[in-house]
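This is run15.txt (compact mmCIF, C-alpha atoms and all ligand atoms).
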```
# COMPACT_ATOMS: atom_id res chain seq x y z
CA MET A 1 -18.37 19.88 69.46
CA HIS A 2 -19.33 17.33 66.84
CA HIS A 3 -18.91 13.66 66.12
CA PHE A 4 -17.03 13.77 62.81
CA HIS A 5 -13.44 12.77 63.45
CA TYR A 6 -10.58 10.81 61.92
CA ARG A 7 -9.81 7.31 63.13
CA ASP A 8 -6.82 5.63 61.45
CA ASP A 9 -6.99 8.35 58.81
CA GLN A 10 -10.59 7.48 57.97
CA LEU A 11 -13.19 10.16 58.57
CA MET A 12 -15.89 8.73 60.80
CA CYS A 13 -19.37 9.87 61.68
CA GLU A 14 -19.69 8.57 65.22
CA GLU A 15 -18.71 4.91 64.84
CA VAL A 16 -19.33 4.55 61.12
CA SER A 17 -16.77 5.23 58.42
CA ILE A 18 -18.02 7.67 55.83
CA ASP A 19 -16.28 5.59 53.18
CA ARG A 20 -18.46 2.62 54.01
CA ILE A 21 -21.69 4.60 53.79
CA ALA A 22 -20.59 6.00 50.43
CA GLU A 23 -19.92 2.48 49.12
CA GLU A 24 -23.39 1.42 50.16
CA VAL A 25 -25.58 4.43 49.32
CA GLY A 26 -23.60 6.09 46.53
CA THR A 27 -22.78 9.79 46.33
CA PRO A 28 -23.55 12.58 46.92
CA PHE A 29 -25.41 12.35 50.23
CA TYR A 30 -26.11 14.36 53.35
CA LEU A 31 -25.00 12.76 56.56
CA TYR A 32 -26.13 13.72 60.07
CA SER A 33 -24.90 12.62 63.46
CA HIS A 34 -27.61 11.72 65.96
CA ALA A 35 -25.27 12.27 68.92
CA THR A 36 -24.31 15.73 67.66
CA LEU A 37 -27.89 16.84 67.02
CA THR A 38 -28.86 15.59 70.46
CA HIS A 39 -25.89 17.18 72.19
CA HIS A 40 -26.38 20.54 70.47
CA PHE A 41 -30.07 20.61 71.33
CA GLN A 42 -29.49 19.65 74.94
CA VAL A 43 -26.64 22.09 75.51
CA PHE A 44 -28.74 24.91 74.09
CA ASP A 45 -31.84 23.90 76.02
CA GLN A 46 -29.98 23.45 79.30
CA ALA A 47 -28.30 26.83 78.94
CA PHE A 48 -31.76 28.33 79.52
CA ALA A 49 -32.73 25.92 82.28
CA GLY A 50 -32.85 28.74 84.83
CA ILE A 51 -35.87 30.42 83.22
CA PRO A 52 -39.19 29.23 81.77
CA HIS A 53 -38.46 28.62 78.10
CA LEU A 54 -39.33 26.66 74.98
CA VAL A 55 -36.85 25.80 72.24
CA CYS A 56 -38.64 25.93 68.89
CA PHE A 57 -36.14 24.59 66.37
CA ALA A 58 -36.08 26.74 63.22
CA MET A 59 -36.86 24.00 60.79
CA LYS A 60 -35.93 26.02 57.75
CA ALA A 61 -32.40 24.98 58.74
CA ASN A 62 -33.19 21.28 58.57
CA SER A 63 -36.66 19.89 58.16
CA ASN A 64 -36.01 16.17 57.93
CA LEU A 65 -38.72 14.32 59.82
CA ALA A 66 -36.21 12.21 61.74
CA ALA A 67 -34.37 15.28 63.04
CA LEU A 68 -37.66 16.90 64.03
CA LYS A 69 -38.79 13.75 65.84
CA LEU A 70 -35.50 13.70 67.71
CA PHE A 71 -36.02 17.30 68.89
CA ALA A 72 -39.67 16.65 69.75
CA ASP A 73 -38.58 13.81 72.01
CA LEU A 74 -36.15 16.16 73.73
CA GLY A 75 -39.00 18.54 74.51
CA GLY A 76 -38.48 20.82 71.52
CA GLY A 77 -40.99 22.62 69.36
CA ALA A 78 -40.74 24.17 65.92
CA ASP A 79 -40.52 27.59 64.36
CA VAL A 80 -42.32 27.24 61.04
CA VAL A 81 -42.60 29.67 58.13
CA SER A 82 -45.00 27.91 55.79
CA GLY A 83 -47.88 25.49 55.66
CA GLY A 84 -45.43 22.90 54.38
CA GLU A 85 -43.21 23.29 57.41
CA LEU A 86 -46.23 23.09 59.68
CA TYR A 87 -47.26 19.87 57.95
CA ARG A 88 -43.80 18.40 58.45
CA ALA A 89 -43.65 19.46 62.10
CA LEU A 90 -46.99 17.83 62.85
CA LYS A 91 -46.07 14.69 60.89
CA ALA A 92 -42.88 14.41 62.94
CA GLY A 93 -44.95 14.47 66.11
CA ILE A 94 -44.18 17.96 67.39
CA PRO A 95 -47.09 18.96 69.64
CA SER A 96 -48.99 21.83 68.01
CA ARG A 97 -48.80 23.94 71.15
CA ARG A 98 -45.04 23.96 70.71
CA ILE A 99 -45.22 25.50 67.24
CA VAL A 100 -44.77 29.17 66.35
CA PHE A 101 -45.41 30.55 62.87
CA ALA A 102 -43.40 33.48 61.43
CA GLY A 103 -43.00 34.88 57.92
CA VAL A 104 -44.01 38.06 56.09
CA GLY A 105 -46.29 36.37 53.57
CA LYS A 106 -48.62 33.95 55.31
CA THR A 107 -51.60 33.09 53.12
CA ARG A 108 -55.19 32.71 54.31
CA GLU A 109 -54.92 28.97 53.66
CA GLU A 110 -51.83 28.71 55.84
CA MET A 111 -53.55 30.70 58.60
CA ASP A 112 -56.57 28.44 58.37
CA TYR A 113 -54.37 25.34 58.63
CA ALA A 114 -52.41 26.71 61.58
CA LEU A 115 -55.57 27.77 63.42
CA LYS A 116 -57.14 24.36 62.88
CA SER A 117 -53.93 22.81 64.19
CA ASP A 118 -54.11 25.05 67.28
CA ILE A 119 -50.49 26.24 67.19
CA LEU A 120 -49.01 28.17 70.09
CA MET A 121 -48.85 31.53 68.32
CA PHE A 122 -48.48 33.46 65.10
CA ASN A 123 -45.58 35.84 64.87
CA VAL A 124 -47.30 38.54 62.85
CA GLU A 125 -45.18 40.75 60.62
CA SER A 126 -47.50 43.51 59.34
CA PRO A 127 -50.73 45.37 60.12
CA GLN A 128 -52.42 43.92 57.01
CA GLU A 129 -51.49 40.40 58.03
CA LEU A 130 -52.99 41.06 61.46
CA ARG A 131 -56.31 42.04 59.91
CA VAL A 132 -56.39 39.06 57.57
CA LEU A 133 -55.60 36.73 60.45
CA ASN A 134 -58.44 38.28 62.45
CA ASP A 135 -60.73 37.74 59.49
CA VAL A 136 -59.72 34.10 58.99
CA ALA A 137 -60.00 33.33 62.71
CA GLY A 138 -63.40 35.05 62.80
CA SER A 139 -64.71 33.00 59.90
CA MET A 140 -63.69 29.89 61.81
CA GLY A 141 -65.14 31.11 65.07
CA VAL A 142 -61.80 30.95 66.86
CA THR A 143 -59.23 33.32 68.29
CA ALA A 144 -55.65 33.57 67.05
CA ARG A 145 -52.88 33.85 69.62
CA VAL A 146 -50.46 36.45 68.37
CA ALA A 147 -47.08 38.00 69.00
CA LEU A 148 -46.04 40.94 66.87
CA ARG A 149 -42.63 40.59 65.33
CA ILE A 150 -40.80 43.72 66.32
CA ASN A 151 -37.97 45.02 64.27
CA PRO A 152 -35.67 46.62 66.87
CA ASP A 153 -33.32 48.22 64.30
CA VAL A 154 -30.03 46.69 65.37
CA ASP A 155 -27.17 45.68 63.12
CA PRO A 156 -26.34 41.99 63.56
CA LYS A 157 -23.07 42.47 61.58
CA THR A 158 -23.65 39.47 59.39
CA HIS A 159 -24.16 38.84 55.66
CA PRO A 160 -26.71 41.35 54.29
CA TYR A 161 -28.90 38.54 52.90
CA ILE A 162 -29.41 37.16 56.40
CA SER A 163 -29.74 40.41 58.38
CA THR A 164 -33.36 40.89 59.28
CA GLY A 165 -33.53 43.38 62.13
CA LEU A 166 -32.50 46.58 60.37
CA LYS A 167 -34.90 49.43 59.68
CA LYS A 168 -34.78 48.81 55.93
CA SER A 169 -35.60 45.12 56.30
CA LYS A 170 -38.84 43.58 55.00
CA PHE A 171 -39.30 41.75 58.29
CA GLY A 172 -41.33 42.70 61.32
CA ILE A 173 -42.98 45.88 62.50
CA ASP A 174 -40.79 48.88 63.22
CA ILE A 175 -40.37 49.35 66.94
CA SER A 176 -41.30 53.03 66.66
CA VAL A 177 -44.87 52.11 65.64
CA ALA A 178 -45.17 48.91 67.67
CA MET A 179 -47.38 50.46 70.36
CA GLU A 180 -49.96 51.64 67.83
CA GLU A 181 -50.06 48.21 66.18
CA TYR A 182 -50.61 46.51 69.52
CA GLN A 183 -53.51 48.90 70.14
CA VAL A 184 -54.97 47.89 66.78
CA ALA A 185 -54.52 44.22 67.64
CA ARG A 186 -56.41 44.72 70.87
CA GLU A 187 -59.41 46.05 68.98
CA LEU A 188 -59.59 43.00 66.73
CA ARG A 189 -62.10 40.54 68.15
CA HIS A 190 -60.46 37.35 66.97
CA ILE A 191 -56.93 38.29 67.94
CA GLN A 192 -55.52 37.56 71.36
CA VAL A 193 -52.22 39.28 72.02
CA VAL A 194 -49.95 36.93 73.96
CA GLY A 195 -46.42 37.96 73.14
CA VAL A 196 -43.64 39.85 71.44
CA HIS A 197 -41.26 38.40 68.87
CA GLN A 198 -37.90 39.51 67.52
CA HIS A 199 -35.44 37.86 65.16
CA ILE A 200 -32.59 40.04 63.99
CA GLY A 201 -30.60 37.81 61.65
CA SER A 202 -28.53 34.70 61.29
CA GLN A 203 -24.91 33.55 61.73
CA ILE A 204 -24.43 36.24 64.38
CA THR A 205 -21.15 35.77 66.22
CA GLU A 206 -21.46 38.34 69.00
CA VAL A 207 -23.99 38.67 71.82
CA THR A 208 -24.22 42.46 71.66
CA PRO A 209 -26.78 42.70 68.81
CA PHE A 210 -29.05 40.20 70.57
CA VAL A 211 -28.79 42.06 73.85
CA ASP A 212 -29.30 45.47 72.21
CA GLY A 213 -32.44 44.25 70.45
CA LEU A 214 -33.74 42.56 73.54
CA VAL A 215 -33.26 45.59 75.77
CA LYS A 216 -35.51 47.56 73.42
CA VAL A 217 -38.08 44.77 73.31
CA VAL A 218 -38.16 44.37 77.09
CA GLU A 219 -38.74 48.09 77.39
CA LEU A 220 -41.64 47.74 74.97
CA ILE A 221 -43.11 44.90 77.05
CA GLY A 222 -43.08 47.22 80.08
CA LYS A 223 -45.02 49.85 78.15
CA LEU A 224 -47.46 47.27 76.84
CA ARG A 225 -48.15 46.00 80.33
CA ASP A 226 -48.72 49.59 81.48
CA GLN A 227 -51.43 49.72 78.86
CA GLY A 228 -53.01 46.56 80.22
CA PHE A 229 -51.68 44.03 77.74
CA THR A 230 -50.94 40.50 78.89
CA ILE A 231 -47.59 39.43 77.49
CA ASP A 232 -46.87 35.79 78.32
CA TYR A 233 -44.30 35.00 75.65
CA LEU A 234 -41.13 36.71 74.61
CA ASP A 235 -39.83 35.04 71.47
CA VAL A 236 -36.20 36.05 70.99
CA GLY A 237 -35.79 34.35 67.59
CA GLY A 238 -32.73 32.48 66.41
CA GLY A 239 -29.50 33.59 64.85
CA LEU A 240 -26.61 32.34 66.97
CA GLY A 241 -23.68 31.65 64.66
CA ILE A 242 -21.35 28.67 64.37
CA THR A 243 -17.73 28.06 63.42
CA TYR A 244 -17.38 27.34 59.72
CA LYS A 245 -13.75 28.44 59.54
CA ASP A 246 -12.34 30.72 62.21
CA GLU A 247 -15.44 32.42 63.59
CA ASP A 248 -15.58 32.46 67.34
CA PRO A 249 -19.24 32.72 68.33
CA PRO A 250 -20.25 32.62 71.99
CA VAL A 251 -21.10 29.14 73.25
CA PRO A 252 -24.78 28.65 74.18
CA ARG A 253 -24.05 29.09 77.89
CA VAL A 254 -22.46 32.51 77.37
CA PHE A 255 -25.20 33.48 74.92
CA ALA A 256 -27.85 32.37 77.43
CA GLU A 257 -26.24 34.20 80.33
CA ALA A 258 -26.25 37.46 78.38
CA LEU A 259 -29.88 37.03 77.35
CA ILE A 260 -31.09 35.87 80.74
CA ALA A 261 -29.53 38.97 82.33
CA VAL A 262 -31.91 41.06 80.21
CA VAL A 263 -35.06 38.94 80.46
CA LYS A 264 -34.89 37.37 83.91
CA ASP A 265 -37.44 39.70 85.48
CA VAL A 266 -39.72 40.07 82.49
CA GLY A 267 -42.00 37.27 83.67
CA CYS A 268 -42.50 35.68 80.26
CA THR A 269 -41.87 32.22 78.87
CA ILE A 270 -38.88 32.76 76.61
CA VAL A 271 -39.26 31.16 73.18
CA LEU A 272 -36.02 30.49 71.30
CA GLU A 273 -35.73 29.67 67.61
CA PRO A 274 -32.24 28.29 67.01
CA GLY A 275 -31.58 26.59 63.70
CA ARG A 276 -27.97 26.70 62.57
CA VAL A 277 -26.42 26.33 66.02
CA ILE A 278 -28.23 23.02 66.50
CA ALA A 279 -27.95 21.48 63.04
CA GLY A 280 -25.08 23.22 61.22
CA ASN A 281 -22.13 21.27 62.51
CA ALA A 282 -24.17 18.10 62.97
CA GLY A 283 -24.25 17.42 59.24
CA VAL A 284 -21.95 17.11 56.22
CA LEU A 285 -22.30 16.66 52.49
CA VAL A 286 -20.32 13.75 51.08
CA THR A 287 -19.28 13.94 47.44
CA ARG A 288 -16.99 12.01 45.11
CA VAL A 289 -14.36 13.51 42.85
CA LEU A 290 -15.23 12.87 39.22
CA TYR A 291 -12.33 14.59 37.48
CA THR A 292 -9.55 17.03 38.00
CA LYS A 293 -8.68 19.59 35.41
CA GLN A 294 -5.74 21.91 35.07
CA THR A 295 -6.32 24.98 32.94
CA PRO A 296 -3.66 27.62 32.29
CA ALA A 297 -5.30 29.69 35.03
CA LYS A 298 -6.60 27.25 37.60
CA HIS A 299 -6.77 23.81 39.09
CA PHE A 300 -10.31 22.41 39.27
CA ILE A 301 -11.58 19.50 41.33
CA ILE A 302 -14.87 18.47 39.77
CA VAL A 303 -17.17 16.63 42.17
CA ASP A 304 -20.58 15.00 41.89
CA ALA A 305 -22.34 17.49 44.23
CA GLY A 306 -23.22 20.91 42.92
CA MET A 307 -24.84 24.19 43.81
CA ASN A 308 -28.22 22.51 43.58
CA ASP A 309 -27.21 20.27 46.48
CA LEU A 310 -25.51 22.95 48.61
CA ILE A 311 -26.09 26.49 47.47
CA ARG A 312 -24.50 28.41 50.36
CA PRO A 313 -21.06 28.94 48.75
CA SER A 314 -22.63 30.17 45.48
CA LEU A 315 -25.34 32.29 47.12
CA TYR A 316 -23.49 33.88 50.00
CA GLY A 317 -19.84 33.11 49.25
CA SER A 318 -19.94 30.94 52.37
CA PHE A 319 -16.91 28.99 53.46
CA HIS A 320 -17.34 25.27 54.12
CA SER A 321 -14.30 23.31 55.11
CA ILE A 322 -13.64 20.34 52.79
CA LEU A 323 -11.89 17.26 54.13
CA PRO A 324 -10.81 14.03 52.44
CA ALA A 325 -12.71 11.01 53.75
CA ARG A 326 -9.37 9.19 53.73
CA ARG A 327 -6.40 11.18 54.95
CA LYS A 328 -3.11 10.48 53.20
CA ASP A 329 0.22 11.66 54.52
CA GLY A 330 2.82 13.54 52.58
CA ARG A 331 0.66 15.21 49.97
CA GLU A 332 1.62 18.73 48.96
CA THR A 333 -1.38 21.01 48.97
CA VAL A 334 -2.69 22.60 45.79
CA LEU A 335 -4.77 25.69 45.26
CA ALA A 336 -8.05 24.46 43.79
CA ASP A 337 -11.62 25.36 42.98
CA VAL A 338 -13.95 22.59 44.01
CA VAL A 339 -16.78 22.73 41.49
CA GLY A 340 -19.93 20.80 40.69
CA PRO A 341 -21.46 19.51 37.45
CA VAL A 342 -24.06 22.30 37.16
CA CYS A 343 -23.88 24.53 34.09
CA GLU A 344 -23.11 27.78 35.88
CA SER A 345 -19.79 29.41 36.65
CA GLY A 346 -21.25 30.11 40.08
CA ASP A 347 -21.43 26.39 40.77
CA PHE A 348 -18.67 25.92 43.31
CA LEU A 349 -18.26 24.50 46.79
CA ALA A 350 -14.90 26.17 47.37
CA LYS A 351 -12.77 28.71 45.54
CA ASP A 352 -8.98 29.04 45.64
CA ARG A 353 -8.86 26.52 48.44
CA SER A 354 -5.55 25.21 49.63
CA MET A 355 -6.11 21.46 49.95
CA PRO A 356 -4.63 18.05 49.16
CA PRO A 357 -4.69 17.28 45.42
CA ALA A 358 -7.80 15.09 45.34
CA GLU A 359 -7.91 12.37 42.73
CA PRO A 360 -10.81 10.98 40.71
CA GLY A 361 -12.78 8.49 42.79
CA GLU A 362 -11.74 10.08 46.08
CA LEU A 363 -14.39 11.08 48.59
CA LEU A 364 -14.57 14.63 49.89
CA VAL A 365 -16.59 15.73 52.86
CA VAL A 366 -18.07 19.22 52.91
CA MET A 367 -18.32 20.12 56.57
CA SER A 368 -20.91 22.19 58.47
CA ALA A 369 -23.67 21.40 55.99
CA GLY A 370 -26.36 20.26 58.42
CA ALA A 371 -28.18 23.60 58.38
CA TYR A 372 -29.48 25.27 55.22
CA GLY A 373 -28.00 22.42 53.21
CA TYR A 374 -30.66 19.97 52.15
CA THR A 375 -33.47 22.44 52.87
CA MET A 376 -32.11 24.78 50.20
CA ALA A 377 -31.35 22.04 47.68
CA SER A 378 -33.13 22.10 44.33
CA ASN A 379 -33.55 20.03 41.20
CA TYR A 380 -31.76 22.56 39.01
CA ASN A 381 -30.32 20.92 35.91
CA SER A 382 -32.79 18.08 36.63
CA ARG A 383 -30.51 16.68 39.23
CA PRO A 384 -32.24 14.35 41.69
CA ARG A 385 -31.71 15.54 45.24
CA PRO A 386 -29.36 13.44 47.35
CA PRO A 387 -30.41 11.13 50.19
CA GLU A 388 -30.13 12.07 53.84
CA ILE A 389 -28.52 9.58 56.19
CA LEU A 390 -28.63 9.60 59.99
CA VAL A 391 -25.91 7.85 61.95
CA LYS A 392 -26.50 6.68 65.48
CA GLY A 393 -23.52 4.97 67.11
CA ASP A 394 -22.39 2.19 64.79
CA ARG A 395 -25.53 2.17 62.69
CA TYR A 396 -26.88 4.36 59.94
CA PHE A 397 -30.30 4.81 58.47
CA THR A 398 -31.53 6.45 55.26
CA VAL A 399 -33.93 9.07 56.58
CA ARG A 400 -34.70 10.33 53.11
CA GLU A 401 -34.13 8.42 49.90
CA ARG A 402 -32.24 9.66 46.91
CA GLU A 403 -34.68 11.06 44.37
CA SER A 404 -35.18 9.10 41.17
CA TYR A 405 -35.67 10.32 37.61
CA GLU A 406 -39.34 9.39 38.10
CA ASP A 407 -39.49 11.75 41.08
CA LEU A 408 -38.19 14.53 38.85
CA ILE A 409 -41.21 14.46 36.56
CA ARG A 410 -43.84 13.64 39.16
CA GLY A 411 -46.87 15.84 38.63
CA GLU A 412 -45.92 16.99 35.13
CA ARG A 413 -48.39 16.54 32.26
CA ILE A 414 -48.08 16.96 28.52
CA PRO A 415 -51.38 18.50 27.34
CA GLN A 416 -53.27 16.77 24.56
CA TYR A 417 -52.91 19.70 22.18
CA LEU A 418 -49.18 19.05 21.94
N1 LIG A 501 -36.36 32.47 63.38
C1 LIG A 501 -36.65 33.17 62.27
C2 LIG A 501 -37.87 33.99 62.26
C3 LIG A 501 -35.81 33.09 61.16
O1 LIG A 501 -36.12 33.78 60.06
C4 LIG A 501 -34.64 32.29 61.20
C5 LIG A 501 -33.74 32.21 60.06
C6 LIG A 501 -34.38 31.57 62.38
C7 LIG A 501 -35.26 31.70 63.45
C8 LIG A 501 -33.19 30.68 62.55
O2 LIG A 501 -31.99 31.34 62.44
P1 LIG A 501 -30.63 30.57 62.78
O3 LIG A 501 -30.65 30.20 64.24
O4 LIG A 501 -30.56 29.35 61.94
O5 LIG A 501 -29.58 31.54 62.45
N2 LIG A 501 -30.09 30.42 54.35
C9 LIG A 501 -29.23 31.24 55.19
C10 LIG A 501 -29.84 31.50 56.54
C11 LIG A 501 -31.19 32.14 56.48
C12 LIG A 501 -31.82 32.33 57.83
C13 LIG A 501 -33.24 32.72 57.72
N3 LIG A 501 -33.93 32.84 58.96
C14 LIG A 501 -27.88 30.55 55.29
O6 LIG A 501 -27.69 29.49 54.69
O7 LIG A 501 -26.97 31.08 55.93
```

Using the file provided, produce a representation of the structure as structure tokens.
Ligand code: LLP
Amino acid sequence: MHHFHYRDDQLMCEEVSIDRIAEEVGTPFYLYSHATLTHHFQVFDQAFAGIPHLVCFAMKANSNLAALKLFADLGGGADVVSGGELYRALKAGIPSRRIVFAGVGKTREEMDYALKSDILMFNVESPQELRVLNDVAGSMGVTARVALRINPDVDPKTHPYISTGLKKSKFGIDISVAMEEYQVARELRHIQVVGVHQHIGSQITEVTPFVDGLVKVVELIGKLRDQGFTIDYLDVGGGLGITYKDEDPPVPRVFAEALIAVVKDVGCTIVLEPGRVIAGNAGVLVTRVLYTKQTPAKHFIIVDAGMNDLIRPSLYGSFHSILPARRKDGRETVLADVVGPVCESGDFLAKDRSMPPAEPGELLVVMSAGAYGYTMASNYNSRPRPPEILVKGDRYFTVRERESYEDLIRGERIPQYL
């Protein structure tokens, strides 16, 4: 459920017409719906109401301060994967004890920062990282709360780039050696084991892989407890998929029921790290048609947003539905590639898409772009990144400004010897 809908053939975000925002802020821009973000967070959170839990939004999906503040106010925390994300989370007002830190390549500086900030726990991904964390915590005279990220070797049946729980993956610690690594952790003076973490992948549209992974992890928790470990937190990661086209993922309630059935007696606080399911369908990318071009082979719709603004179609071949901001009756559809201005053949938002024949000046709305949209945007081709706009009811607010040319060269220096 989201709040982007047509009213009198105008695509609205809540009560504001997208056309109007485009007139006022220019294009391209990201647009988020406050009501949708709120609704998605609450539905997900409430689905787990029956058990002790903490929803740590995976801010790699969307790290805008306004979105994070919104989740913080709803009782949410953050799953961070870098010092930069930690900085953002704290700036947005997320309490540090609601922050978990994953990632295979945490630096000493990032560990230092997270320890000083007193985050809830580190999700540690390798034996070497564990030792370095112990060392950093020791030098600070503190103890690091730790969960080991366990790789349960299940196939999430999703795009290979976003599968993370398979044996061959770079993520986590193989479940077959987990026990030994926990024993090592126990010997380290500045490490306090508090939990177990798993995250098997993203855009997963079935519950079975989650349940299969979790069954293995719950079994591990039993063995750990037998060995005298205190396991207070079971972090089940993120990964629940959304509908981009015709996927039919379980709704949060069904997802939660399946997970709760496995973890209800484990006696842990369940940490959840949803990203896409909260933000994905709460945001769109709005772009204007610059030109159309008919070649002997193809029809192209050239728009002012490119792969630097939304890389998912180019990187993963992802499908994003594209709608006209103003619906017109009686147009025959054409088969078109919607492409951006970037100098790469891989710069497309849609390929061979059957859609109305957009005309120069027309606004197109790339749907389901609220997760892994802006956060993966770059300045490639020296293109300033677009603004982010948040609509609430009949009002909108620029929650991040469009970058300027000045922004593009900030921090660059020409040395004197040139
Ligand atoms: N927790 C961890 C440790 C993760 O690595 C991720 C995502 C999440 C949670 C959140 O997963 P979600 O609920 O959003 O599926 N750029 C790709 C997705 C990469 C996901 C990386 N990790 C895309 O655009 O599809």

I'd like a table as CSV: residues in chain A with an atom no more than 9 Å from ligand LIG 501 (chain A), each row giving the shortest atom pair and its distance in Å to one decimal, only C-alpha atoms and all ligand atoms counted, sorted by chain and rising residue number.
```
residue,atom,partner,partner_atom,distance
A:Cys56,CA,A:LIG501,C7,8.6
A:Phe57,CA,A:LIG501,C7,7.7
A:Ala58,CA,A:LIG501,C8,4.9
A:Met59,CA,A:LIG501,C8,7.8
A:Lys60,CA,A:LIG501,C5,7.0
A:Ala61,CA,A:LIG501,O4,5.7
A:Asp79,CA,A:LIG501,N1,6.5
A:Val80,CA,A:LIG501,C2,8.2
A:Val81,CA,A:LIG501,C2,7.6
A:Phe101,CA,A:LIG501,C2,8.3
A:Ala102,CA,A:LIG501,C2,5.6
A:Gly103,CA,A:LIG501,C2,6.8
A:Asn123,CA,A:LIG501,C2,8.3
A:Arg149,CA,A:LIG501,C2,8.7
A:His159,CA,A:LIG501,O7,8.3
A:Tyr161,CA,A:LIG501,C9,7.7
A:Ile162,CA,A:LIG501,C11,5.3
A:Ser163,CA,A:LIG501,C12,8.4
A:Thr164,CA,A:LIG501,O1,7.7
A:Phe171,CA,A:LIG501,O1,8.8
A:His197,CA,A:LIG501,C2,8.6
A:Gln198,CA,A:LIG501,C2,7.6
A:His199,CA,A:LIG501,C2,5.4
A:Ile200,CA,A:LIG501,C1,8.2
A:Gly201,CA,A:LIG501,O5,6.4
A:Ser202,CA,A:LIG501,O5,3.5
A:Gln203,CA,A:LIG501,O5,5.1
A:Ile204,CA,A:LIG501,O5,7.2
A:Val236,CA,A:LIG501,N1,8.4
A:Gly237,CA,A:LIG501,N1,4.6
A:Gly238,CA,A:LIG501,O3,3.8
A:Gly239,CA,A:LIG501,O5,3.2
A:Leu240,CA,A:LIG501,O3,5.3
A:Gly241,CA,A:LIG501,O5,6.3
A:Ile242,CA,A:LIG501,O5,8.9
A:Leu272,CA,A:LIG501,C7,8.0
A:Glu273,CA,A:LIG501,C7,4.7
A:Pro274,CA,A:LIG501,O3,3.7
A:Gly275,CA,A:LIG501,O4,3.4
A:Arg276,CA,A:LIG501,O4,3.8
A:Val277,CA,A:LIG501,O3,6.0
A:Ile278,CA,A:LIG501,O3,7.9
A:Ala279,CA,A:LIG501,O4,8.4
A:Gly280,CA,A:LIG501,O4,8.3
A:Ile311,CA,A:LIG501,O6,8.0
A:Arg312,CA,A:LIG501,O6,5.5
A:Pro313,CA,A:LIG501,O6,8.9
A:Leu315,CA,A:LIG501,O6,8.4
A:Tyr316,CA,A:LIG501,O7,7.4
A:Ser318,CA,A:LIG501,O7,7.9
A:Ala371,CA,A:LIG501,O6,7.0
A:Tyr372,CA,A:LIG501,O6,4.6
A:Gly373,CA,A:LIG501,O6,7.2
A:Thr375,CA,A:LIG501,N2,8.8
A:Met376,CA,A:LIG501,N2,7.3
```

(request) For atom CA of A:Leu120 and atom CA of A:Val55, quote the distance in Å rounded to one decimal. (result) 12.6 Å

(message) At a cut-off of 9 Å around the point (-25.8, 41.5, 74.3) (file coordinates), what residues fall inside when counting only C-alpha atoms? I'd like the answer as an MDAnalysis selection string.
(response) chainID A and resid 206:215 255 258:259 262

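Residues within 9 Å of A:Ala336, counting only C-alpha atoms and excluding same-chain residues fewer than 3 positions away, are Lys298, His299, Phe300, Ile301, Ala350, Lys351, Asp352, Arg353, Ser354, Met355 and Pro357 of chain A.
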
(message) Between A:Ile150, A:Leu408, A:Lys157, A:Gln192, which residue has the minimum interatomic distance to A:Leu220, considering all atoms listed in the file?
(response) A:Ile150

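What separates atom CA of A:Arg131 from atom CA of A:Lys106 is a distance of 12.1 Å.
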